[in-house]
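Visitor: Here you go, this is data.cif (mmCIF, C-alpha atoms).
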data_final
loop_
_atom_site.label_atom_id
_atom_site.label_comp_id
_atom_site.auth_asym_id
_atom_site.auth_seq_id
_atom_site.Cartn_x
_atom_site.Cartn_y
_atom_site.Cartn_z
CA MET A 15 81.72 104.43 170.31
CA LEU A 16 82.74 108.03 169.67
CA ARG A 17 82.00 109.28 166.18
CA ARG A 18 85.64 109.99 165.36
CA GLU A 19 86.83 106.64 166.67
CA LEU A 20 84.15 104.79 164.68
CA LEU A 21 85.09 106.42 161.40
CA LYS A 22 88.81 106.04 162.10
CA ASN A 23 88.29 102.30 162.45
CA LEU A 24 86.53 102.28 159.09
CA ALA A 25 89.71 103.77 157.56
CA THR A 26 87.81 106.68 156.04
CA VAL A 27 87.61 109.19 158.87
CA PRO A 28 85.34 111.86 157.38
CA LEU A 29 85.07 114.46 160.13
CA THR A 30 81.99 116.61 160.16
CA GLY A 31 80.49 119.51 161.98
CA VAL A 32 79.61 123.16 161.66
CA ALA A 33 81.40 124.84 158.78
CA GLY A 34 82.79 128.36 158.89
CA ARG A 35 80.20 131.13 158.97
CA LEU A 36 81.82 133.63 156.62
CA MET A 37 81.02 133.95 152.95
CA ALA A 38 83.11 131.67 150.76
CA ALA A 39 85.23 133.52 148.24
CA PRO A 40 84.24 133.14 144.56
CA ALA A 41 87.91 132.54 143.71
CA ALA A 42 87.76 129.29 145.67
CA GLN A 43 85.72 127.62 142.95
CA GLY A 44 88.00 125.53 140.76
CA SER A 45 91.25 126.11 142.68
CA LYS A 46 93.28 123.10 143.77
CA LEU A 47 95.69 123.14 146.70
CA LEU A 48 98.06 120.31 147.65
CA LEU A 49 100.23 120.54 150.78
CA VAL A 50 103.26 118.22 150.80
CA PHE A 51 104.87 117.87 154.23
CA LEU A 52 108.46 116.57 154.33
CA ARG A 53 108.60 115.00 157.77
CA GLY A 54 112.04 114.83 159.35
CA GLY A 55 113.38 118.30 158.64
CA TYR A 56 115.09 118.17 155.25
CA ASP A 57 118.45 119.78 154.54
CA SER A 58 117.32 122.77 152.51
CA ALA A 59 120.87 124.16 152.19
CA ASN A 60 121.64 121.27 149.84
CA LEU A 61 118.35 121.76 147.98
CA LEU A 62 118.70 125.48 147.28
CA VAL A 63 122.46 125.80 147.19
CA PRO A 64 124.03 129.19 148.08
CA TYR A 65 126.92 128.52 145.71
CA ALA A 66 128.11 132.15 145.75
CA SER A 67 128.84 131.91 149.48
CA PRO A 68 132.40 130.87 150.43
CA PHE A 69 131.09 130.13 153.91
CA TYR A 70 128.80 127.41 152.54
CA TYR A 71 131.83 125.44 151.34
CA GLN A 72 133.81 126.14 154.50
CA ALA A 73 130.98 124.93 156.71
CA ARG A 74 130.34 121.79 154.67
CA PRO A 75 133.68 120.42 153.48
CA GLY A 76 132.28 116.91 152.98
CA ILE A 77 128.63 117.44 152.02
CA ALA A 78 128.44 120.73 150.09
CA VAL A 79 126.96 120.45 146.61
CA PRO A 80 129.70 121.47 144.14
CA ARG A 81 129.51 124.79 142.29
CA PRO A 82 127.80 125.00 138.90
CA GLY A 83 130.00 123.60 136.16
CA GLU A 84 131.74 121.12 138.45
CA VAL A 85 130.97 117.39 138.53
CA ASN A 86 127.57 116.85 140.16
CA GLY A 87 127.39 120.59 140.63
CA ALA A 88 124.38 122.75 141.41
CA LEU A 89 122.11 123.93 138.62
CA PRO A 90 122.40 127.74 138.55
CA LEU A 91 119.09 129.56 139.11
CA ASP A 92 120.59 133.05 139.38
CA ASN A 93 123.92 134.57 140.37
CA ARG A 94 123.48 133.48 143.98
CA TRP A 95 121.43 130.30 144.19
CA GLY A 96 121.58 126.88 142.57
CA LEU A 97 119.34 123.80 142.61
CA HIS A 98 120.45 120.30 143.58
CA PRO A 99 121.47 118.41 140.41
CA ALA A 100 119.19 115.46 141.29
CA LEU A 101 116.27 117.68 140.19
CA ALA A 102 117.67 118.42 136.73
CA THR A 103 115.06 116.47 134.78
CA SER A 104 112.07 116.85 137.11
CA VAL A 105 111.38 120.22 138.74
CA ALA A 106 114.22 122.26 137.21
CA PRO A 107 112.24 122.48 133.93
CA LEU A 108 109.25 123.76 135.93
CA PHE A 109 111.46 126.52 137.36
CA THR A 110 112.52 127.45 133.84
CA LYS A 111 108.87 127.64 132.75
CA GLY A 112 107.96 129.88 135.69
CA GLN A 113 106.01 127.14 137.45
CA LEU A 114 108.23 126.79 140.51
CA ALA A 115 109.22 129.36 143.12
CA LEU A 116 111.57 128.71 146.04
CA MET A 117 111.54 130.63 149.31
CA PRO A 118 114.61 130.32 151.60
CA PHE A 119 114.75 131.59 155.19
CA ALA A 120 111.23 130.23 155.76
CA GLY A 121 109.72 128.43 158.72
CA THR A 122 108.33 128.83 162.20
CA HIS A 123 109.70 130.75 165.16
CA ASP A 124 109.23 127.64 167.31
CA LEU A 125 112.62 126.76 168.81
CA THR A 126 112.05 123.31 170.28
CA ARG A 127 113.86 121.63 167.36
CA SER A 128 111.67 118.62 168.15
CA HIS A 129 110.24 116.87 165.11
CA PHE A 130 106.88 116.10 166.69
CA GLU A 131 106.38 119.34 168.59
CA THR A 132 107.29 121.50 165.62
CA GLN A 133 105.21 119.45 163.18
CA ASP A 134 102.21 119.77 165.49
CA ALA A 135 102.79 123.49 165.94
CA ILE A 136 102.88 124.08 162.19
CA GLU A 137 99.83 121.93 161.47
CA LEU A 138 97.81 123.73 164.14
CA GLY A 139 98.75 127.08 162.64
CA LEU A 140 98.52 128.96 165.93
CA ALA A 141 100.76 131.58 167.48
CA GLN A 142 103.27 130.34 170.04
CA SER A 143 101.36 132.12 172.80
CA GLN A 144 98.05 130.43 171.94
CA ASN A 145 96.74 127.25 173.55
CA ARG A 146 97.67 124.33 171.27
CA GLU A 147 95.82 121.62 173.18
CA GLY A 148 93.07 119.94 171.16
CA GLY A 149 92.93 122.63 168.50
CA SER A 150 91.91 122.24 164.89
CA GLY A 151 94.39 122.29 162.02
CA PHE A 152 94.76 125.28 159.74
CA LEU A 153 93.72 123.38 156.57
CA ASN A 154 90.55 122.25 158.32
CA ARG A 155 89.79 125.84 159.29
CA LEU A 156 90.45 126.92 155.69
CA VAL A 157 87.94 124.35 154.45
CA GLY A 158 85.43 125.60 157.01
CA VAL A 159 85.81 129.21 155.86
CA LEU A 160 85.54 128.32 152.17
CA ASN A 161 82.48 126.14 152.76
CA GLY A 162 80.70 128.80 154.77
CA THR A 163 77.82 129.20 152.33
CA ALA A 164 75.25 126.90 150.74
CA ALA A 165 77.19 126.98 147.47
CA ALA A 166 79.04 123.94 146.11
CA LYS A 167 81.28 122.58 148.84
CA LEU A 168 84.99 122.09 148.50
CA SER A 169 86.22 118.63 149.44
CA ALA A 170 89.42 117.87 151.34
CA MET A 171 91.40 114.64 151.45
CA ALA A 172 94.54 113.50 153.26
CA PHE A 173 96.33 110.75 151.35
CA THR A 174 97.66 109.28 154.59
CA ASP A 175 97.03 106.34 156.96
CA GLN A 176 95.61 108.62 159.65
CA LEU A 177 93.95 111.99 159.43
CA PRO A 178 96.78 114.51 160.03
CA LEU A 179 96.45 117.23 162.60
CA VAL A 180 96.36 119.90 159.89
CA LEU A 181 92.99 118.55 158.66
CA ARG A 182 91.38 117.73 162.00
CA GLY A 183 88.53 119.88 163.21
CA GLU A 184 84.90 120.67 162.57
CA ALA A 185 84.95 120.85 158.78
CA ARG A 186 84.55 117.64 156.83
CA ALA A 187 87.67 115.89 155.64
CA ALA A 188 88.63 112.33 154.76
CA ASN A 189 91.78 110.28 154.64
CA MET A 190 93.08 107.17 152.94
CA ALA A 191 96.60 105.97 152.21
CA LEU A 192 96.75 105.19 148.50
CA ASN A 193 99.36 102.49 149.02
CA ALA A 194 96.81 100.60 151.15
CA VAL A 195 94.49 99.85 148.24
CA GLY A 196 93.55 96.18 148.21
CA ARG A 197 94.40 95.74 151.90
CA GLN A 198 91.25 97.09 153.50
CA ALA A 199 90.25 95.79 156.90
CA VAL A 200 86.51 96.09 156.14
CA ASP A 201 85.12 94.33 153.04
CA GLN A 202 81.93 95.21 151.16
CA ARG A 203 79.72 92.81 153.13
CA GLN A 204 80.98 94.19 156.42
CA SER A 205 80.49 97.72 155.08
CA ARG A 206 76.82 97.01 154.36
CA VAL A 207 76.32 95.50 157.81
CA ILE A 208 77.89 98.49 159.53
CA GLN A 209 75.86 100.94 157.46
CA SER A 210 72.64 99.10 158.33
CA MET A 211 73.52 99.33 162.03
CA TYR A 212 73.60 103.11 161.86
CA ARG A 213 70.81 103.68 159.35
CA ASP A 214 68.11 106.06 160.64
CA THR A 215 70.42 107.31 163.41
CA ALA A 216 72.24 110.60 163.84
CA LEU A 217 75.44 108.97 162.59
CA GLY A 218 73.87 107.20 159.61
CA ALA A 219 74.60 109.84 156.99
CA MET A 220 78.22 110.26 158.13
CA VAL A 221 78.90 106.51 158.08
CA GLU A 222 77.35 106.18 154.61
CA GLU A 223 79.38 109.10 153.31
CA GLY A 224 82.58 107.66 154.75
CA PHE A 225 82.12 104.36 152.93
CA ALA A 226 81.16 106.17 149.73
CA VAL A 227 84.39 108.19 149.75
CA ARG A 228 86.44 105.06 150.39
CA GLU A 229 84.78 103.15 147.56
CA GLU A 230 85.24 106.04 145.13
CA VAL A 231 88.96 106.27 145.89
CA GLN A 232 89.29 102.49 145.69
CA ARG A 233 87.67 102.36 142.25
CA SER A 234 89.85 105.14 140.85
CA VAL A 235 93.14 103.73 142.13
CA GLN A 236 92.25 100.14 141.27
CA ALA A 237 91.50 101.14 137.68
CA GLU A 238 94.89 102.80 137.43
CA MET A 239 96.61 99.77 138.94
CA ASP A 240 94.89 97.44 136.46
CA GLY A 241 96.03 99.62 133.57
CA ALA A 242 99.55 99.70 134.93
CA SER A 243 99.81 95.93 135.06
CA ARG A 244 99.05 95.73 131.34
CA SER A 245 101.49 98.46 130.31
CA ALA A 246 104.23 97.47 132.81
CA MET A 247 104.43 100.96 134.33
CA SER A 248 107.71 101.26 136.25
CA ALA A 249 106.96 104.27 138.48
CA LYS A 250 107.69 103.56 142.12
CA GLY A 251 107.45 105.22 145.50
CA PHE A 252 106.35 108.80 145.71
CA GLU A 253 105.97 109.29 141.98
CA LEU A 254 103.31 106.61 141.70
CA THR A 255 101.47 107.97 144.73
CA ALA A 256 101.71 111.56 143.46
CA ARG A 257 100.23 110.59 140.12
CA ARG A 258 97.34 108.86 141.89
CA VAL A 259 96.82 111.96 144.02
CA ALA A 260 96.73 114.13 140.88
CA ARG A 261 94.04 112.01 139.25
CA LEU A 262 91.91 112.07 142.38
CA MET A 263 92.30 115.80 142.87
CA ARG A 264 91.58 116.49 139.21
CA GLU A 265 88.27 114.65 139.43
CA ARG A 266 87.16 114.78 143.05
CA PHE A 267 89.11 116.75 145.66
CA ASP A 268 89.94 120.46 145.97
CA ILE A 269 92.36 120.47 148.91
CA GLY A 270 94.83 117.65 149.51
CA PHE A 271 97.55 116.71 151.96
CA ILE A 272 100.33 114.16 151.73
CA ASP A 273 103.47 113.62 153.78
CA VAL A 274 106.81 112.11 152.83
CA GLY A 275 109.25 110.79 155.42
CA GLY A 276 112.95 109.96 155.50
CA TRP A 277 114.50 113.43 155.76
CA ASP A 278 116.28 113.18 159.12
CA THR A 279 119.84 112.99 157.78
CA HIS A 280 122.14 112.88 160.80
CA VAL A 281 124.58 110.50 159.12
CA GLY A 282 126.00 110.14 155.61
CA GLN A 283 123.60 112.38 153.73
CA GLY A 284 125.91 112.92 150.76
CA ALA A 285 126.42 115.95 148.54
CA GLY A 286 125.72 116.04 144.79
CA THR A 287 125.07 112.31 145.03
CA GLY A 288 124.19 109.96 147.86
CA TYR A 289 121.27 109.37 150.20
CA LEU A 290 119.80 112.87 150.20
CA ALA A 291 120.27 113.21 146.45
CA ASN A 292 118.24 110.03 145.96
CA ARG A 293 115.46 111.42 148.15
CA PHE A 294 115.44 114.66 146.15
CA GLU A 295 115.29 112.71 142.90
CA GLU A 296 112.29 110.69 144.09
CA LEU A 297 110.52 113.77 145.41
CA GLY A 298 111.20 115.71 142.22
CA ARG A 299 109.89 112.92 140.00
CA GLY A 300 106.74 112.78 142.11
CA LEU A 301 106.09 116.50 141.92
CA ALA A 302 106.75 116.57 138.19
CA GLY A 303 104.48 113.54 137.81
CA PHE A 304 101.71 115.31 139.72
CA ALA A 305 101.94 118.27 137.34
CA GLU A 306 102.06 116.01 134.29
CA GLU A 307 99.02 114.01 135.40
CA LEU A 308 96.81 117.10 135.61
CA ASP A 309 95.39 118.58 132.44
CA ASP A 310 96.69 122.04 131.54
CA SER A 311 93.55 123.81 132.74
CA THR A 312 93.65 122.15 136.17
CA TRP A 313 97.40 122.71 136.55
CA ARG A 314 96.91 126.44 135.91
CA ARG A 315 94.42 126.47 138.81
CA SER A 316 96.62 124.40 141.12
CA VAL A 317 99.20 125.29 143.74
CA VAL A 318 101.47 122.75 145.42
CA VAL A 319 103.20 123.84 148.62
CA VAL A 320 106.16 121.79 149.91
CA LEU A 321 107.35 122.46 153.44
CA SER A 322 109.08 120.80 156.37
CA GLU A 323 109.06 121.31 160.13
CA PHE A 324 112.54 122.90 160.10
CA GLY A 325 115.84 122.94 158.26
CA ARG A 326 119.17 121.48 159.37
CA THR A 327 122.26 122.87 161.01
CA PHE A 328 124.22 124.87 158.48
CA ARG A 329 127.52 123.25 159.41
CA GLU A 330 127.90 119.54 158.80
CA ASN A 331 128.37 117.30 161.83
CA GLY A 332 131.09 114.74 162.47
CA ASN A 333 129.10 111.94 160.82
CA GLY A 334 128.79 113.44 157.37
CA GLY A 335 125.27 114.67 158.09
CA THR A 336 123.38 117.54 159.68
CA ASP A 337 121.35 117.96 162.85
CA HIS A 338 118.03 119.62 163.72
CA GLY A 339 118.04 123.26 162.66
CA HIS A 340 115.70 126.19 162.14
CA GLY A 341 115.04 127.98 158.83
CA THR A 342 114.25 125.98 155.70
CA VAL A 343 113.17 126.40 152.07
CA TYR A 344 109.53 126.29 150.95
CA TRP A 345 108.54 125.26 147.42
CA PHE A 346 105.56 126.62 145.46
CA LEU A 347 104.57 124.90 142.23
CA GLY A 348 101.72 125.55 139.85
CA GLY A 349 100.83 126.43 136.29
CA GLY A 350 99.44 129.80 137.34
CA LEU A 351 102.23 131.25 139.49
CA ALA A 352 102.60 135.00 139.12
CA ALA A 353 105.39 136.29 136.90
CA GLN A 354 107.15 137.95 139.84
CA ALA A 355 107.35 134.61 141.66
CA GLY A 356 107.53 131.77 139.13
CA GLY A 357 111.08 130.90 138.14
CA ARG A 358 112.49 132.96 140.99
CA VAL A 359 113.91 132.71 144.50
CA ILE A 360 111.47 134.80 146.52
CA GLY A 361 110.87 136.20 150.00
CA GLU A 362 112.99 138.09 152.51
CA GLN A 363 116.63 137.04 152.29
CA ALA A 364 119.93 137.64 154.05
CA GLU A 365 123.60 137.06 153.38
CA VAL A 366 124.71 133.46 153.81
CA SER A 367 127.63 133.88 156.18
CA ALA A 368 128.84 132.88 159.63
CA ALA A 369 127.64 136.21 161.01
CA GLY A 370 124.19 135.63 159.55
CA LEU A 371 123.54 132.31 161.27
CA PHE A 372 120.80 132.05 163.86
CA GLN A 373 122.29 131.15 167.26
CA ASN A 374 125.56 130.51 165.41
CA ARG A 375 124.21 127.27 163.95
CA ASP A 376 121.12 127.58 161.75
CA THR A 377 119.56 129.42 158.84
CA PRO A 378 117.38 132.20 160.32
CA VAL A 379 113.63 132.43 159.73
CA LEU A 380 112.77 135.66 157.93
CA ASN A 381 109.56 134.41 156.25
CA GLU A 382 107.21 133.13 158.96
CA TYR A 383 105.00 130.33 157.67
CA ARG A 384 101.65 131.71 158.84
CA ALA A 385 102.38 135.05 157.15
CA VAL A 386 103.49 133.27 153.96
CA LEU A 387 100.55 130.86 153.76
CA GLY A 388 98.08 133.52 154.85
CA GLY A 389 99.20 135.73 151.98
CA LEU A 390 98.96 132.81 149.56
CA PHE A 391 95.45 131.87 150.70
CA ALA A 392 94.32 135.49 150.44
CA ARG A 393 95.46 135.59 146.80
CA LEU A 394 94.34 132.09 145.86
CA TYR A 395 90.88 132.28 147.43
CA GLY A 396 90.24 136.00 147.77
CA LEU A 397 89.98 135.76 151.55
CA SER A 398 89.22 138.83 153.62
CA PRO A 399 91.22 139.78 156.74
CA ALA A 400 88.36 138.41 158.88
CA GLN A 401 88.48 135.08 157.05
CA LEU A 402 92.26 134.88 157.37
CA GLU A 403 91.86 135.49 161.09
CA GLN A 404 89.77 132.32 161.28
CA VAL A 405 92.43 130.31 159.47
CA PHE A 406 95.47 131.76 161.28
CA PRO A 407 94.25 133.45 164.49
CA GLY A 408 96.45 136.38 165.36
CA GLY A 409 98.51 135.94 162.19
CA GLN A 410 99.79 138.74 159.98
CA ALA A 411 99.45 137.68 156.35
CA LYS A 412 102.10 138.95 153.95
CA ASP A 413 101.53 139.04 150.21
CA PHE A 414 104.53 137.67 148.32
CA GLY A 415 102.61 137.68 145.02
CA ILE A 416 102.99 133.94 144.57
CA VAL A 417 99.79 133.63 142.51
#
Go through the file and emit its structure as structure tokens.

Guide:
Amino acid sequence: MLRRELLKNLATVPLTGVAGRLMAAPAAQGSKLLLVFLRGGYDSANLLVPYASPFYYQARPGIAVPRPGEVNGALPLDNRWGLHPALATSVAPLFTKGQLALMPFAGTHDLTRSHFETQDAIELGLAQSQNREGGSGFLNRLVGVLNGTAAAKLSAMAFTDQLPLVLRGEARAANMALNAVGRQAVDQRQSRVIQSMYRDTALGAMVEEGFAVREEVQRSVQAEMDGASRSAMSAKGFELTARRVARLMRERFDIGFIDVGGWDTHVGQGAGTGYLANRFEELGRGLAGFAEELDDSTWRRSVVVVLSEFGRTFRENGNGGTDHGHGTVYWFLGGGLAAQAGGRVIGEQAEVSAAGLFQNRDTPVLNEYRAVLGGLFARLYGLSPAQLEQVFPGGQAKDFGIV
């Protein structure tokens, strides 16, 4: 059985191989990075509301979020942008404290508007002209670069059922869906049998490490679940998972990945209330819960990046929803965001108008994701241009001063 297939069947999937050869940056020690991928292409125009634009209300007569001061109206962030009211008690306070930055007009130049193709393209982190067949993901390459010395190794974990493309590659990574605790296909006796089968072989150490990671995650989450049953904790959905992720990253993992589905709103997405508002509320509570679960010192060293494969059409469709679009809004959260970014709407911007639409339908992309993330990684980890080239081959990092 192939190594990767074996470990996938064990539900741990630690991938291993030769790490990056460049010197790891000293700034990497102690930093925490969580990437949250909103799969489905969320409607960012109703997240970061351009309430000063008359065209926004003309283009969305049934789904526009009302202006600040109106019922279920946007929360004003500045004289141009507002935040969806469903986030009033969760991430809006983080914005006020300078621990949230929002970047509109962000995304990839990929124009397929296909969920799967665009998700894969982003996770690979390669230029459109580069071969995307069988490549490694950009987070895996980042881990490889940072672990390029004999110093203490950073650990990466995907809190998902399967190892996502963004973390596949030569560097070691693991995965486990936290909502699968207690439903493991391989029990302890079977684990011991499998480990004995591979003991004293080339795969022995990898199999043993895979089971060790799984057992450590199981113990941590099970302890939390036991405590919750006594105190009748009511958190559900993403919030509960995000709090579990925070505890695991605080104690064990340096780089994390989690994805959240349900953002493909072709029909009946709502405005200040409704389906999309409920999704924003759940997401916001989860992100706020993640921040709350970390101690202050760890939160100051942490950055959470929230992105999606693309945005939605700027005009609403005939079903009270939106269709596959182009530009979107990225979120950056953390206790150590730079003053010029935290509590601000950042990045290159343009007028929100009919004339400013991309192909007369979508928000344009002015902040290309590889440039944005490359600039962030350079600041967060002190990466050199040569190291950034390993993470995003052919990319042109741009420093937005996020951290």

Visitor: Can you tell me, as a ChimeraX atom specification, what residues are no more than 12 Å from range 391-402 of chain A when counting all atoms listed in the file, ignoring any on the same chain fewer than 2 positions away?

Guide: /A:34-47,139,152-153,155-162,168,268-269,314-319,348,350-352,383-389,404-417

Visitor: So which residues fall inside 10 Å of (107.8, 136.4, 142.7) if we count all atoms listed in the file? Mind giving them as a count of residues only?

Guide: 20

Visitor: How many Å separate CA of Leu61 in chain A from CA of His98 in chain A?

Guide: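 If I compute the distance from CA of Leu61 in chain A to CA of His98 in chain A, I get 5.1 Å.
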
Visitor: Here's the selection I'm unsure about, the PyMOL selection byres ((chain A and resi 300) around 6); applied to the file above, which residues does it give, as number ranges by chain?

Guide: A: 252-253, 256, 297-299, 301-303

Visitor: I need the residue nearest Trp313 in chain A from this list: A:Val85, A:Leu254, A:Leu177, A:Leu48. Use only C-alpha atoms for the distance.

Guide: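 That would be A:Leu48, the residue with the smallest distance to Trp313 in chain A.
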
Visitor: Report the distance between CA of Phe69 in chain A and CA of Phe372 in chain A in Å, rounded to one decimal place.

Guide: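 Rounded to one decimal, the two atoms are 14.4 Å apart.
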
Visitor: So, with only C-alpha atoms as the atoms that count, which of A:Lys111, A:Arg326, A:Arg261, A:Arg375 lies closest to Leu347 in chain A?

Guide: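 Among A:Lys111, A:Arg326, A:Arg261, A:Arg375, it is A:Lys111 that comes nearest to Leu347 in chain A.
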
Visitor: So, counting only C-alpha atoms, which residue among A:Glu382, A:Tyr70, A:Arg53, A:Ala100 is closest to Glu295 in chain A?

Guide: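 Selected residue with least distance to Glu295 in chain A: A:Ala100.
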